[in-house]
file structure.pdb (PDB, C-alpha atoms)
ATOM      1  CA  MET A 294       0.000   0.000   0.000
ATOM      2  CA  SER A 295       1.220   3.503  -0.755
ATOM      3  CA  ARG A 296      -0.906   5.971   1.171
ATOM      4  CA  ALA A 297       0.348   9.549   0.970
ATOM      5  CA  VAL A 298      -0.622  12.952   2.282
ATOM      6  CA  LEU A 299      -0.228  15.817  -0.195
ATOM      7  CA  SER A 300      -0.344  19.509   0.673
ATOM      8  CA  LEU A 301      -1.526  21.841  -2.089
ATOM      9  CA  GLY A 302      -1.013  25.584  -2.364
ATOM     10  CA  SER A 303      -1.453  28.350  -4.925
ATOM     11  CA  ASN A 304      -1.137  32.128  -4.815
ATOM     12  CA  LEU A 305      -0.899  33.153  -8.477
ATOM     13  CA  GLY A 306      -3.493  33.240 -11.234
ATOM     14  CA  ASP A 307      -6.545  30.999 -10.947
ATOM     15  CA  ARG A 308      -5.640  29.745  -7.471
ATOM     16  CA  LEU A 309      -8.709  27.534  -7.082
ATOM     17  CA  GLY A 310      -8.357  26.210 -10.622
ATOM     18  CA  TYR A 311      -4.760  25.182  -9.962
ATOM     19  CA  LEU A 312      -5.742  23.371  -6.746
ATOM     20  CA  ARG A 313      -8.518  21.602  -8.649
ATOM     21  CA  SER A 314      -6.050  20.558 -11.347
ATOM     22  CA  ALA A 315      -3.806  18.986  -8.696
ATOM     23  CA  VAL A 316      -6.729  17.064  -7.202
ATOM     24  CA  ASP A 317      -7.794  15.947 -10.677
ATOM     25  CA  ALA A 318      -4.251  14.693 -11.344
ATOM     26  CA  VAL A 319      -4.491  12.258  -8.414
ATOM     27  CA  ARG A 320      -8.263  11.660  -8.469
ATOM     28  CA  PRO A 321      -8.095   7.912  -9.274
ATOM     29  CA  ALA A 322      -6.173   7.466  -5.996
ATOM     30  CA  LEU A 323      -8.040  10.117  -3.989
ATOM     31  CA  VAL A 324      -9.221   8.993  -0.546
ATOM     32  CA  ALA A 325     -10.130  12.385   0.937
ATOM     33  CA  VAL A 326      -9.716  16.086   0.241
ATOM     34  CA  SER A 327      -9.976  18.925   2.724
ATOM     35  CA  GLY A 328     -11.785  22.179   2.393
ATOM     36  CA  VAL A 329      -9.999  25.155   0.895
ATOM     37  CA  TYR A 330      -8.246  27.538   3.283
ATOM     38  CA  GLU A 331      -6.847  31.012   2.694
ATOM     39  CA  THR A 332      -3.540  31.853   4.351
ATOM     40  CA  LYS A 333      -0.956  34.587   4.381
ATOM     41  CA  ALA A 334       2.297  33.853   2.580
ATOM     42  CA  TRP A 335       5.007  32.149   4.596
ATOM     43  CA  GLY A 336       8.745  32.627   4.105
ATOM     44  CA  VAL A 337       8.625  35.508   1.626
ATOM     45  CA  GLU A 338       5.718  37.526   3.003
ATOM     46  CA  ASP A 339       5.456  40.242   0.322
ATOM     47  CA  GLN A 340       3.273  38.231  -2.054
ATOM     48  CA  PRO A 341      -0.413  37.363  -2.558
ATOM     49  CA  ASP A 342      -2.334  35.174  -0.101
ATOM     50  CA  PHE A 343      -2.429  31.428  -0.703
ATOM     51  CA  LEU A 344      -5.249  29.013  -1.125
ATOM     52  CA  ASN A 345      -4.298  25.747   0.570
ATOM     53  CA  ALA A 346      -5.805  22.288   0.808
ATOM     54  CA  LEU A 347      -4.685  18.813   1.655
ATOM     55  CA  CYS A 348      -5.523  15.441   0.191
ATOM     56  CA  ILE A 349      -4.948  11.839   1.136
ATOM     57  CA  VAL A 350      -4.236   9.453  -1.710
ATOM     58  CA  ASP A 351      -3.704   5.716  -1.889
ATOM     59  CA  ASP A 352      -2.367   3.672  -4.780
ATOM     60  CA  PRO A 353      -0.579   0.360  -4.219
ATOM     61  CA  ALA A 354       1.260   0.807  -7.518
ATOM     62  CA  ARG A 355       3.005   4.047  -6.442
ATOM     63  CA  ASP A 356       5.927   4.508  -4.109
ATOM     64  CA  HIS A 357       7.105   7.783  -2.561
ATOM     65  CA  TRP A 358       9.160   8.695  -5.637
ATOM     66  CA  GLU A 359       6.143   8.235  -7.881
ATOM     67  CA  TRP A 360       4.079  10.520  -5.612
ATOM     68  CA  LEU A 361       6.860  13.112  -5.921
ATOM     69  CA  ARG A 362       6.842  12.798  -9.709
ATOM     70  CA  ALA A 363       3.030  13.086  -9.782
ATOM     71  CA  GLY A 364       3.216  16.285  -7.724
ATOM     72  CA  GLN A 365       5.945  17.728  -9.918
ATOM     73  CA  ALA A 366       3.978  16.870 -13.065
ATOM     74  CA  ALA A 367       0.922  18.689 -11.659
ATOM     75  CA  GLU A 368       3.105  21.718 -10.848
ATOM     76  CA  GLN A 369       4.613  21.700 -14.330
ATOM     77  CA  ALA A 370       1.162  21.449 -15.948
ATOM     78  CA  ALA A 371       0.178  24.531 -13.922
ATOM     79  CA  GLY A 372       3.174  26.476 -15.252
ATOM     80  CA  ARG A 373       5.094  26.461 -11.966
ATOM     81  CA  VAL A 374       8.281  28.540 -12.100
ATOM     82  CA  ARG A 375      10.898  28.129  -9.367
ATOM     83  CA  ASP A 376      12.567  31.548  -9.238
ATOM     84  CA  LEU A 377      12.543  32.323  -5.535
ATOM     85  CA  ARG A 378      12.518  29.940  -2.575
ATOM     86  CA  TRP A 379       9.143  30.342  -0.813
ATOM     87  CA  GLY A 380       8.144  32.789  -3.540
ATOM     88  CA  PRO A 381       4.842  33.092  -5.360
ATOM     89  CA  ARG A 382       3.675  30.087  -7.351
ATOM     90  CA  THR A 383       0.836  28.873  -9.477
ATOM     91  CA  LEU A 384       0.884  25.488  -7.740
ATOM     92  CA  ASP A 385       2.884  23.872  -4.984
ATOM     93  CA  VAL A 386       2.429  20.170  -4.245
ATOM     94  CA  ASP A 387       4.335  18.970  -1.181
ATOM     95  CA  ILE A 388       4.553  15.316  -0.219
ATOM     96  CA  VAL A 389       3.851  15.555   3.519
ATOM     97  CA  THR A 390       4.075  11.863   4.392
ATOM     98  CA  VAL A 391       4.042   8.489   2.704
ATOM     99  CA  GLN A 392       2.956   5.613   4.904
ATOM    100  CA  GLY A 393       5.908   3.675   6.254
ATOM    101  CA  VAL A 394       8.540   5.841   4.576
ATOM    102  CA  LEU A 395      11.130   8.060   6.228
ATOM    103  CA  SER A 396      13.562   9.764   3.872
ATOM    104  CA  ASP A 397      16.541  12.060   4.356
ATOM    105  CA  ASP A 398      17.192  12.274   0.624
ATOM    106  CA  PRO A 399      17.537  16.018  -0.174
ATOM    107  CA  GLU A 400      15.194  15.570  -3.142
ATOM    108  CA  LEU A 401      12.423  14.109  -0.976
ATOM    109  CA  LEU A 402      12.542  14.644   2.775
ATOM    110  CA  LEU A 403       9.863  12.613   4.561
ATOM    111  CA  PRO A 404       8.011  13.623   6.524
ATOM    112  CA  HIS A 405       8.098  17.070   4.910
ATOM    113  CA  PRO A 406      10.307  19.106   7.258
ATOM    114  CA  GLY A 407       7.975  22.108   7.586
ATOM    115  CA  THR A 408       4.923  20.099   8.584
ATOM    116  CA  PRO A 409       5.164  20.334  12.399
ATOM    117  CA  ASP A 410       5.312  24.148  12.230
ATOM    118  CA  ARG A 411       2.689  24.917   9.576
ATOM    119  CA  ALA A 412      -0.895  25.452  10.582
ATOM    120  CA  SER A 413      -1.685  25.696   6.852
ATOM    121  CA  VAL A 414      -0.863  21.965   6.599
ATOM    122  CA  LEU A 415      -1.989  20.706  10.006
ATOM    123  CA  ILE A 416      -5.461  22.301  10.017
ATOM    124  CA  PRO A 417      -6.645  20.885   6.665
ATOM    125  CA  TRP A 418      -5.048  17.522   7.508
ATOM    126  CA  LEU A 419      -6.886  17.290  10.808
ATOM    127  CA  GLU A 420     -10.125  18.178   9.051
ATOM    128  CA  ILE A 421      -9.984  14.951   7.035
ATOM    129  CA  ASP A 422      -7.924  12.790   9.441
ATOM    130  CA  PRO A 423      -8.452  13.772  13.104
ATOM    131  CA  ASP A 424      -5.982  11.048  14.194
ATOM    132  CA  ALA A 425      -3.182  12.204  11.872
ATOM    133  CA  GLU A 426       0.385  11.704  13.030
ATOM    134  CA  VAL A 427       3.588  13.229  11.716
ATOM    135  CA  PRO A 428       6.187  10.437  11.860
ATOM    136  CA  GLY A 429       8.880  11.257  14.379
ATOM    137  CA  HIS A 430       6.995  14.316  15.665
ATOM    138  CA  GLY A 431       3.742  13.025  17.144
ATOM    139  CA  ARG A 432       0.061  13.714  16.773
ATOM    140  CA  ALA A 433      -0.839  16.525  14.381
ATOM    141  CA  ALA A 434      -3.416  17.836  16.888
ATOM    142  CA  ASP A 435      -0.712  18.198  19.557
ATOM    143  CA  LEU A 436       1.644  19.921  17.124
ATOM    144  CA  LEU A 437      -1.108  22.339  16.104
ATOM    145  CA  ALA A 438      -1.948  23.107  19.737
ATOM    146  CA  ARG A 439       1.693  24.143  20.314
ATOM    147  CA  LEU A 440       1.646  26.732  17.522
ATOM    148  CA  PRO A 441       0.940  30.381  18.326
ATOM    149  CA  GLU A 442      -2.732  31.364  18.198
ATOM    150  CA  ALA A 443      -1.914  33.887  15.463
ATOM    151  CA  ASP A 444      -0.648  31.047  13.239
ATOM    152  CA  ARG A 445      -3.814  29.005  13.778
ATOM    153  CA  ALA A 446      -6.092  32.030  13.297
ATOM    154  CA  GLY A 447      -4.339  32.866  10.024
ATOM    155  CA  VAL A 448      -5.690  29.715   8.360
ATOM    156  CA  VAL A 449      -9.223  30.636   7.285
ATOM    157  CA  LEU A 450     -11.652  28.099   5.850
ATOM    158  CA  ARG A 451     -13.294  29.287   2.631
ATOM    159  CA  PRO A 452     -16.617  27.371   2.585
ATOM    160  CA  ASP A 453     -17.504  29.095  -0.697
ATOM    161  CA  LEU A 454     -14.653  27.213  -2.434
ATOM    162  CA  THR A 455     -14.585  23.432  -2.931
ATOM    163  CA  LEU A 456     -12.339  20.892  -4.607
ATOM    164  CA  SER A 457     -14.498  17.771  -4.614
TER     165      SER A 457
END
call {"tool": "encode", "arguments": {"input": "structure.pdb", "output": "structure tokens"}}
result
Amino acid sequence: MSRAVLSLGSNLGDRLGYLRSAVDAVRPALVAVSGVYETKAWGVEDQPDFLNALCIVDDPARDHWEWLRAGQAAEQAAGRVRDLRWGPRTLDVDIVTVQGVLSDDPELLLPHPGTPDRASVLIPWLEIDPDAEVPGHGRAADLLARLPEADRAGVVLRPDLTLS
């Protein structure tokens, strides 16, 4: 089994359309998809707000490298340009976790190193998997509770936007 958690983000162009294209790219393996959340930019803050979502996928034929390639293909199809680390982007697909896989390969760190500190990942994940755990870090709910209230409050559900 190859169950993975993918974090999706977009802050350029048709943000919702790009998130939908990422979900469509993995739809045959889609187990669950979160609501859409709006968040302030992280890292480089002088850029447009992001739309974020998270999905859980499962495909016994894919390993962690194939999930990475699927995410990169979705980014490329959305015209993703990598000019500036943490800069604006049409689509960002991060592999958060892959069941049973820990990786320190610089091309694919698993679990994704930013996960324990990002409410924009933890909140949508907990929406669709209340028992989520970040390997090596603990329960996602406990990690979220440790973040500053301002971080949690900055992740705003957009019920008017859907990906399913």
call {"tool": "resolve_selection", "arguments": {"input": "structure.pdb", "expression": "the PyMOL selection byres ((chain A and resi 413-420) around 7)", "output": "number ranges by chain"}}
result
A: 300, 327-328, 332, 345-347, 408, 411-412, 421-423, 425, 433, 437, 448
call {"tool": "residues_near_point", "arguments": {"input": "structure.pdb", "point": "(6.5, 21.1, 0.1)", "cutoff": "8 Å", "atoms": "all atoms listed in the file", "output": "list of chain:residue names"}}
result
A:Ser300, A:Asp385, A:Val386, A:Asp387, A:Ile388, A:Val389, A:His405, A:Gly407
call {"tool": "write_last_selection", "arguments": {"input": "structure.pdb", "atoms": "C-alpha atoms", "output": "short mmCIF file (atom, residue, chain, number, x, y, z; two decimals), keeping the file's coordinate frame"}}
result
data_model
loop_
_atom_site.label_atom_id
_atom_site.label_comp_id
_atom_site.auth_asym_id
_atom_site.auth_seq_id
_atom_site.Cartn_x
_atom_site.Cartn_y
_atom_site.Cartn_z
CA SER A 300 -0.34 19.51 0.67
CA ASP A 385 2.88 23.87 -4.98
CA VAL A 386 2.43 20.17 -4.24
CA ASP A 387 4.34 18.97 -1.18
CA ILE A 388 4.55 15.32 -0.22
CA VAL A 389 3.85 15.56 3.52
CA HIS A 405 8.10 17.07 4.91
CA GLY A 407 7.98 22.11 7.59
#
call {"tool": "resolve_selection", "arguments": {"input": "structure.pdb", "expression": "the PyMOL selection byres ((chain A and resi 364) around 8)", "output": "mmCIF file with C-alpha atoms, keeping the file's coordinate frame"}}
result
data_model
loop_
_atom_site.group_PDB
_atom_site.id
_atom_site.type_symbol
_atom_site.label_atom_id
_atom_site.label_comp_id
_atom_site.auth_asym_id
_atom_site.auth_seq_id
_atom_site.Cartn_x
_atom_site.Cartn_y
_atom_site.Cartn_z
ATOM 1 C CA ALA A 315 -3.806 18.986 -8.696
ATOM 2 C CA TRP A 360 4.079 10.520 -5.612
ATOM 3 C CA LEU A 361 6.860 13.112 -5.921
ATOM 4 C CA ARG A 362 6.842 12.798 -9.709
ATOM 5 C CA ALA A 363 3.030 13.086 -9.782
ATOM 6 C CA GLN A 365 5.945 17.728 -9.918
ATOM 7 C CA ALA A 366 3.978 16.870 -13.065
ATOM 8 C CA ALA A 367 0.922 18.689 -11.659
ATOM 9 C CA GLU A 368 3.105 21.718 -10.848
ATOM 10 C CA VAL A 386 2.429 20.170 -4.245
ATOM 11 C CA ASP A 387 4.335 18.970 -1.181
ATOM 12 C CA ILE A 388 4.553 15.316 -0.219
#
call {"tool": "residues_around", "arguments": {"input": "structure.pdb", "residues": "A:Tyr311", "least_positions_apart": "3", "cutoff": "12 Å", "atoms": "all atoms listed in the file", "output": "PyMOL selection string"}}
result
chain A and resi 301-308+314-318+343-346+367-373+382-386+456
call {"tool": "closest_residue", "arguments": {"input": "structure.pdb", "among": "A:Glu442, A:Asp376, A:Asp410, A:Asp351", "to": "A:Leu299", "atoms": "all atoms listed in the file"}}
result
A:Asp351
call {"tool": "axis_aligned_box", "arguments": {"input": "structure.pdb", "around": "stretch 394-409 of chain A", "padding_each_side": "8 Å", "output": "JSON"}}
result
{"center_x": 11.2, "center_y": 14.0, "center_z": 4.6, "size_x": 28.6, "size_y": 32.3, "size_z": 31.5}
call {"tool": "closest_residue", "arguments": {"input": "structure.pdb", "among": "A:Trp358, A:Pro428, A:Glu338, A:Val374", "to": "A:Asp398", "atoms": "only C-alpha atoms"}}
result
A:Trp358
call {"tool": "residues_around", "arguments": {"input": "structure.pdb", "residues": "A:Pro404", "least_positions_apart": "2", "cutoff": "7 Å", "atoms": "all atoms listed in the file", "output": "PyMOL selection string"}}
result
chain A and resi 389-390+395+402+406+427-428
call {"tool": "atom_distance", "arguments": {"input": "structure.pdb", "atom1": "atom CA of A:Val298", "atom2": "atom CA of A:Gln340"}}
result
25.9 Å
call {"tool": "atom_distance", "arguments": {"input": "structure.pdb", "atom1": "atom CA of A:Arg313", "atom2": "atom CA of A:Val326"}}
result
10.5 Å
call {"tool": "resolve_selection", "arguments": {"input": "structure.pdb", "expression": "the PyMOL selection byres ((chain A and resi 357) around 8)", "output": "list in words"}}
result
Ser295, Ala297, Arg355, Asp356, Trp358, Glu359, Trp360, Leu361, Val391 and Val394 of chain A
call {"tool": "closest_residue", "arguments": {"input": "structure.pdb", "among": "A:Asp397, A:Leu312, A:Tyr330, A:Arg296", "to": "A:Asp342", "atoms": "all atoms listed in the file"}}
result
A:Tyr330
call {"tool": "atom_distance", "arguments": {"input": "structure.pdb", "atom1": "atom CA of A:Ala443", "atom2": "atom CA of A:Trp335"}}
result
13.0 Å
call {"tool": "closest_residue", "arguments": {"input": "structure.pdb", "among": "A:Arg375, A:Arg451, A:Arg439, A:Arg445", "to": "A:Glu331", "atoms": "all atoms listed in the file"}}
result
A:Arg451
